[in-house]
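Source file model.txt; content: compact mmCIF, C-alpha atoms.
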# COMPACT_ATOMS: atom_id res chain seq x y z
CA MET V 30 -53.82 -35.95 -17.22
CA SER V 31 -54.14 -37.96 -20.40
CA GLU V 32 -53.60 -36.41 -23.79
CA THR V 33 -57.29 -36.75 -24.66
CA SER V 34 -58.37 -34.80 -21.56
CA ALA V 35 -55.70 -32.10 -21.92
CA PRO V 36 -57.17 -28.62 -22.22
CA ALA V 37 -57.11 -26.94 -25.61
CA PRO V 38 -54.36 -24.35 -25.95
CA SER V 39 -55.44 -20.81 -25.11
CA LEU V 40 -54.31 -17.75 -27.04
CA LEU V 41 -51.91 -16.87 -24.21
CA GLY V 42 -50.62 -20.44 -24.23
CA ARG V 43 -50.07 -20.41 -27.98
CA LEU V 44 -48.26 -17.06 -27.80
CA ALA V 45 -46.11 -18.35 -24.93
CA ALA V 46 -45.21 -21.47 -26.92
CA VAL V 47 -44.21 -19.33 -29.90
CA TRP V 48 -42.19 -17.06 -27.58
CA GLY V 49 -40.42 -20.12 -26.16
CA ILE V 50 -39.50 -21.57 -29.54
CA ILE V 51 -38.52 -18.24 -31.10
CA GLY V 52 -36.51 -17.41 -27.98
CA VAL V 53 -34.55 -20.67 -28.27
CA ILE V 54 -33.92 -20.10 -31.97
CA TRP V 55 -32.80 -16.54 -31.23
CA LEU V 56 -30.37 -17.74 -28.53
CA LEU V 57 -28.89 -20.28 -30.93
CA ALA V 58 -28.68 -17.73 -33.76
CA ASP V 59 -26.95 -15.24 -31.46
CA ALA V 60 -24.39 -17.91 -30.57
CA VAL V 61 -23.91 -18.73 -34.27
CA HIS V 62 -23.24 -15.06 -34.95
CA GLY V 63 -20.72 -14.77 -32.11
CA VAL V 64 -18.69 -17.88 -32.84
CA GLY V 65 -19.20 -17.46 -36.57
CA MET V 66 -17.30 -14.18 -36.47
CA VAL V 67 -14.30 -15.93 -34.89
CA ALA V 68 -14.54 -18.77 -37.42
CA TRP V 69 -14.69 -16.26 -40.27
CA GLU V 70 -11.61 -14.50 -38.89
CA ALA V 71 -9.69 -17.80 -39.04
CA ILE V 72 -10.80 -18.45 -42.61
CA GLN V 73 -9.72 -14.93 -43.64
CA GLY V 74 -6.29 -15.34 -42.00
CA ASP V 75 -3.27 -17.25 -43.22
CA PRO V 76 -4.04 -20.28 -45.38
CA PHE V 77 -4.61 -23.48 -43.43
CA THR V 78 -1.92 -26.14 -43.37
CA PRO V 79 -2.86 -29.67 -44.47
CA LEU V 80 -2.99 -30.64 -40.78
CA GLN V 81 -5.42 -27.80 -40.05
CA TRP V 82 -7.60 -28.73 -43.05
CA GLY V 83 -7.66 -32.35 -41.91
CA PHE V 84 -8.54 -31.41 -38.35
CA ALA V 85 -11.22 -28.99 -39.61
CA ALA V 86 -12.85 -31.69 -41.74
CA LEU V 87 -12.85 -34.22 -38.88
CA TRP V 88 -14.03 -31.65 -36.34
CA VAL V 89 -16.88 -30.35 -38.48
CA GLY V 90 -18.04 -33.91 -39.15
CA PHE V 91 -17.82 -34.75 -35.46
CA MET V 92 -19.77 -31.64 -34.44
CA ALA V 93 -22.41 -32.19 -37.11
CA TYR V 94 -23.00 -35.68 -35.73
CA SER V 95 -22.54 -35.15 -31.98
CA GLU V 96 -23.94 -31.65 -31.47
CA GLY V 97 -26.19 -31.34 -34.51
CA TYR V 98 -27.74 -34.77 -34.91
CA ARG V 99 -27.39 -36.42 -31.49
CA GLY V 100 -27.63 -33.32 -29.30
CA PHE V 101 -30.12 -31.15 -31.11
CA GLN V 102 -32.09 -33.26 -33.60
CA SER V 103 -32.42 -36.37 -31.41
CA ARG V 104 -32.79 -34.77 -27.99
CA LEU V 105 -33.10 -31.03 -27.42
CA ALA V 106 -35.16 -29.88 -30.41
CA PRO V 107 -38.02 -32.36 -30.03
CA ARG V 108 -38.12 -31.78 -26.27
CA VAL V 109 -38.21 -27.99 -26.75
CA VAL V 110 -41.22 -28.37 -29.03
CA VAL V 111 -43.01 -30.84 -26.73
CA ARG V 112 -42.43 -28.57 -23.73
CA ALA V 113 -43.75 -25.65 -25.81
CA GLY V 114 -46.89 -27.76 -26.27
CA VAL V 115 -47.12 -28.21 -22.50
CA LEU V 116 -46.81 -24.44 -22.16
CA ALA V 117 -49.53 -23.89 -24.76
CA ARG V 118 -51.96 -26.05 -22.76
CA ASP V 119 -50.92 -24.78 -19.29
CA PRO V 120 -49.61 -21.20 -19.52
CA GLN V 121 -48.56 -20.52 -15.94
CA PRO V 122 -47.25 -16.95 -15.40
CA LEU V 123 -43.57 -17.74 -14.68
CA ARG V 124 -43.43 -20.27 -17.52
CA VAL V 125 -44.93 -17.71 -19.92
CA LEU V 126 -42.51 -14.98 -18.85
CA LEU V 127 -39.48 -17.26 -19.07
CA ALA V 128 -40.75 -19.44 -21.90
CA PRO V 129 -37.37 -20.01 -23.63
CA ALA V 130 -35.83 -21.17 -20.34
CA PHE V 131 -38.88 -23.34 -19.63
CA VAL V 132 -38.87 -25.09 -23.00
CA ILE V 133 -35.13 -25.75 -22.73
CA GLY V 134 -35.75 -27.29 -19.32
CA PHE V 135 -33.99 -24.95 -16.90
CA PHE V 136 -36.95 -25.13 -14.52
CA ALA V 137 -40.22 -27.01 -14.04
CA GLY V 138 -38.69 -30.29 -15.08
CA ASN V 139 -38.06 -33.62 -13.46
CA ARG V 140 -34.73 -34.22 -11.75
CA ARG V 141 -33.13 -35.70 -14.86
CA ARG V 142 -34.21 -32.77 -17.07
CA LEU V 143 -32.93 -30.17 -14.62
CA LEU V 144 -29.59 -31.91 -14.08
CA THR V 145 -29.12 -32.43 -17.81
CA SER V 146 -30.04 -28.87 -18.81
CA TRP V 147 -27.93 -27.21 -16.15
CA GLY V 148 -25.06 -29.70 -16.43
CA ILE V 149 -24.72 -29.28 -20.18
CA THR V 150 -24.91 -25.50 -19.86
CA ILE V 151 -22.17 -25.41 -17.22
CA ALA V 152 -20.00 -27.75 -19.33
CA ILE V 153 -20.49 -25.53 -22.40
CA VAL V 154 -19.45 -22.43 -20.44
CA GLY V 155 -16.33 -24.27 -19.28
CA VAL V 156 -15.43 -25.38 -22.80
CA VAL V 157 -15.98 -21.84 -24.13
CA LEU V 158 -13.61 -20.43 -21.51
CA VAL V 159 -10.93 -22.94 -22.48
CA VAL V 160 -11.37 -22.57 -26.26
CA ARG V 161 -11.11 -18.78 -25.99
CA GLN V 162 -7.48 -19.31 -24.99
CA PHE V 163 -6.62 -21.12 -28.24
CA PRO V 164 -4.74 -19.18 -30.91
CA GLN V 165 -6.11 -18.67 -34.41
CA PRO V 166 -6.71 -20.57 -36.64
CA TRP V 167 -7.38 -23.37 -34.12
CA ARG V 168 -10.01 -21.40 -32.22
CA GLY V 169 -11.73 -20.50 -35.47
CA ILE V 170 -11.66 -24.09 -36.68
CA ILE V 171 -13.27 -25.26 -33.44
CA ASP V 172 -15.82 -22.45 -33.66
CA PHE V 173 -16.66 -23.39 -37.25
CA GLY V 174 -17.61 -26.86 -36.03
CA VAL V 175 -19.76 -25.24 -33.35
CA VAL V 176 -21.47 -23.09 -35.99
CA VAL V 177 -22.35 -26.24 -37.95
CA GLY V 178 -23.80 -27.91 -34.83
CA LEU V 179 -25.75 -24.84 -33.76
CA GLY V 180 -27.03 -24.25 -37.29
CA TRP V 181 -28.26 -27.85 -37.33
CA GLY V 182 -29.94 -27.12 -33.99
CA ILE V 183 -31.77 -24.10 -35.36
CA ALA V 184 -32.99 -26.13 -38.32
CA ALA V 185 -34.06 -29.01 -36.05
CA VAL V 186 -36.06 -26.78 -33.69
CA ALA V 187 -37.75 -25.10 -36.65
CA TRP V 188 -38.48 -28.48 -38.30
CA PHE V 189 -40.05 -30.00 -35.18
CA ALA V 190 -42.05 -26.81 -34.55
CA VAL V 191 -43.48 -26.87 -38.07
CA GLN V 192 -44.25 -30.59 -37.73
CA ALA V 193 -46.10 -29.89 -34.47
CA LEU V 194 -48.10 -27.11 -36.14
CA LEU V 195 -49.06 -29.60 -38.86
CA GLY V 196 -50.44 -31.94 -36.19
CA ASN V 197 -47.44 -34.25 -35.88
CA PRO V 198 -45.67 -33.28 -32.62
CA PRO V 199 -42.59 -35.25 -31.55
CA ASP V 200 -43.28 -38.32 -29.44
CA ILE V 201 -40.87 -37.61 -26.60
CA ASP V 202 -41.24 -37.22 -22.85
CA PRO V 203 -41.36 -33.51 -21.85
CA GLN V 204 -39.70 -34.52 -18.56
CA MET V 205 -42.03 -32.47 -16.39
CA PRO V 206 -41.90 -32.65 -12.57
CA GLU V 207 -43.42 -35.71 -10.99
CA ALA V 208 -46.96 -35.17 -9.73
CA PRO V 209 -47.14 -35.22 -5.93
CA ASP V 210 -48.85 -38.27 -4.40
CA GLN V 211 -52.47 -37.58 -3.53

Show this structure as structure tokens.
Amino acid sequence: MSETSAPAPSLLGRLAAVWGIIGVIWLLADAVHGVGMVAWEAIQGDPFTPLQWGFAALWVGFMAYSEGYRGFQSRLAPRVVVRAGVLARDPQPLRVLLAPAFVIGFFAGNRRRLLTSWGITIAIVGVVLVVRQFPQPWRGIIDFGVVVGLGWGIAAVAWFAVQALLGNPPDIDPQMPEAPDQ
């Protein structure tokens, strides 16, 4: 279906799109709160050594670029907003109910989207389990970098959502399932 023949968003579709975007922002904010508490604990502890300050500066810069800019701003955030637009125009019941999972791409995506969404999630869980074993302040320093990346992600999702509301949605493939041959 071409963009010009796409149906206008219904009220249910619009509400589902908002639910999807707000749900993603809430998930990210919840993660910021959780890891932010650990980061704050490290900052409140013994003063950092010069090595720890140096690592913290490099790590925060790395996470701002890799997770914040490359991961969220360049990839996930625009795709979340574009998939929310798909949901607004085609509010199928399961997609509406699980809108945050839909807009992230955990289901109803092409093979690449599904593998990427699930693969990154599994990798993140693995990294979290390993980092939890680190002593303070190292765990807190790592978590502070994560807070920066996730905070950038929240801002990116909100930015792209506002841009879409103003009539300038991101120009990115929503990576929906391939249409069956007719």

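Excluding Asp172 of chain V itself and same-chain residues fewer than 4 positions from it, the residues having an atom within 8 Å of it are Val64, Gly65, Val67, Ala68, Arg168 and Val176 of chain V, counting only C-alpha atoms.
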
Protein, DNA and RNA residues within 12 Å of (-33.1, -30.8, -17.3), all atoms listed in the file, as a CSV table (one decimal) with C-alpha atoms, in the coordinates of the input:
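And here is the file that came out, part_31.csv:
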chain,number,residue,atom,x,y,z
V,104,ARG,CA,-32.8,-34.8,-28.0
V,105,LEU,CA,-33.1,-31.0,-27.4
V,108,ARG,CA,-38.1,-31.8,-26.3
V,109,VAL,CA,-38.2,-28.0,-26.8
V,112,ARG,CA,-42.4,-28.6,-23.7
V,130,ALA,CA,-35.8,-21.2,-20.3
V,131,PHE,CA,-38.9,-23.3,-19.6
V,132,VAL,CA,-38.9,-25.1,-23.0
V,133,ILE,CA,-35.1,-25.8,-22.7
V,134,GLY,CA,-35.8,-27.3,-19.3
V,135,PHE,CA,-34.0,-25.0,-16.9
V,136,PHE,CA,-37.0,-25.1,-14.5
V,137,ALA,CA,-40.2,-27.0,-14.0
V,138,GLY,CA,-38.7,-30.3,-15.1
V,139,ASN,CA,-38.1,-33.6,-13.5
V,140,ARG,CA,-34.7,-34.2,-11.8
V,141,ARG,CA,-33.1,-35.7,-14.9
V,142,ARG,CA,-34.2,-32.8,-17.1
V,143,LEU,CA,-32.9,-30.2,-14.6
V,144,LEU,CA,-29.6,-31.9,-14.1
V,145,THR,CA,-29.1,-32.4,-17.8
V,146,SER,CA,-30.0,-28.9,-18.8
V,147,TRP,CA,-27.9,-27.2,-16.2
V,148,GLY,CA,-25.1,-29.7,-16.4
V,149,ILE,CA,-24.7,-29.3,-20.2
V,150,THR,CA,-24.9,-25.5,-19.9
V,202,ASP,CA,-41.2,-37.2,-22.8
V,203,PRO,CA,-41.4,-33.5,-21.8
V,204,GLN,CA,-39.7,-34.5,-18.6
V,205,MET,CA,-42.0,-32.5,-16.4
V,206,PRO,CA,-41.9,-32.6,-12.6

**Item:** Minimum-distance residue to Gly42 of chain V, chosen among V:Ala93, V:Leu87, V:Gln121, V:Phe77 (using only C-alpha atoms)
**Value:**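 Among V:Ala93, V:Leu87, V:Gln121, V:Phe77, it is V:Gln121 that comes nearest to Gly42 of chain V.
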
**Prompt:** So which one's closest to Ala46 of chain V, V:Leu80, V:Ala60, V:Leu116, V:Val186? Using all atoms listed in the file, please.
**Reply:** V:Leu116

**Request:** May I ask which of the residues V:Gly90, V:Pro36, V:Pro79, V:Gly52 is the closest one to Val175 of chain V, counting only C-alpha atoms?
**Result:**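 Selected residue with least distance to Val175 of chain V: V:Gly90.
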
**Request:** Check the smallest atom-to-atom distance from each of V:Gln192, V:Gly180, V:Ile72, V:Ala113 to Ala85 of chain V using only C-alpha atoms, then report the winner.
**Result:**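 Counting only C-alpha atoms, the residue closest to Ala85 of chain V is V:Ile72.
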
**Asked** With all atoms listed in the file as the basis for distance, which of V:Tyr94, V:Val156, V:Leu41, V:Thr78 is at the shortest distance from Gly174 of chain V?
**Response** V:Tyr94

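If you look at atom CA of Gln102 of chain V and atom CA of Ile151 of chain V, they are 20.7 Å away from each other.
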
**Prompt:** What is the atom CA of Leu195 of chain V-atom CA of Arg118 of chain V distance in Å, reported with one decimal?
**Reply:**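 Atom CA of Arg118 of chain V lies 16.7 Å from atom CA of Leu195 of chain V.
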
**Message:** Under the rule that all atoms listed in the file are counted, which of V:Ser39, V:Gln165, V:Ser95, V:Asn197 is the nearest residue to Trp69 of chain V?
**Reply:**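 For Trp69 of chain V, the nearest of the given residues is V:Gln165.
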
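The space separating atom CA of Leu127 of chain V from atom CA of Leu179 of chain V comes to 21.5 Å.
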
**Message:** I want to know what sits within 9 Å of Gly182 of chain V, based on all atoms listed in the file, with residues of the same chain fewer than 2 positions away left out; could you give that as a ChimeraX atom specification?
**Reply:** /V:54,57,96-98,100-102,105-106,177-180,184-187
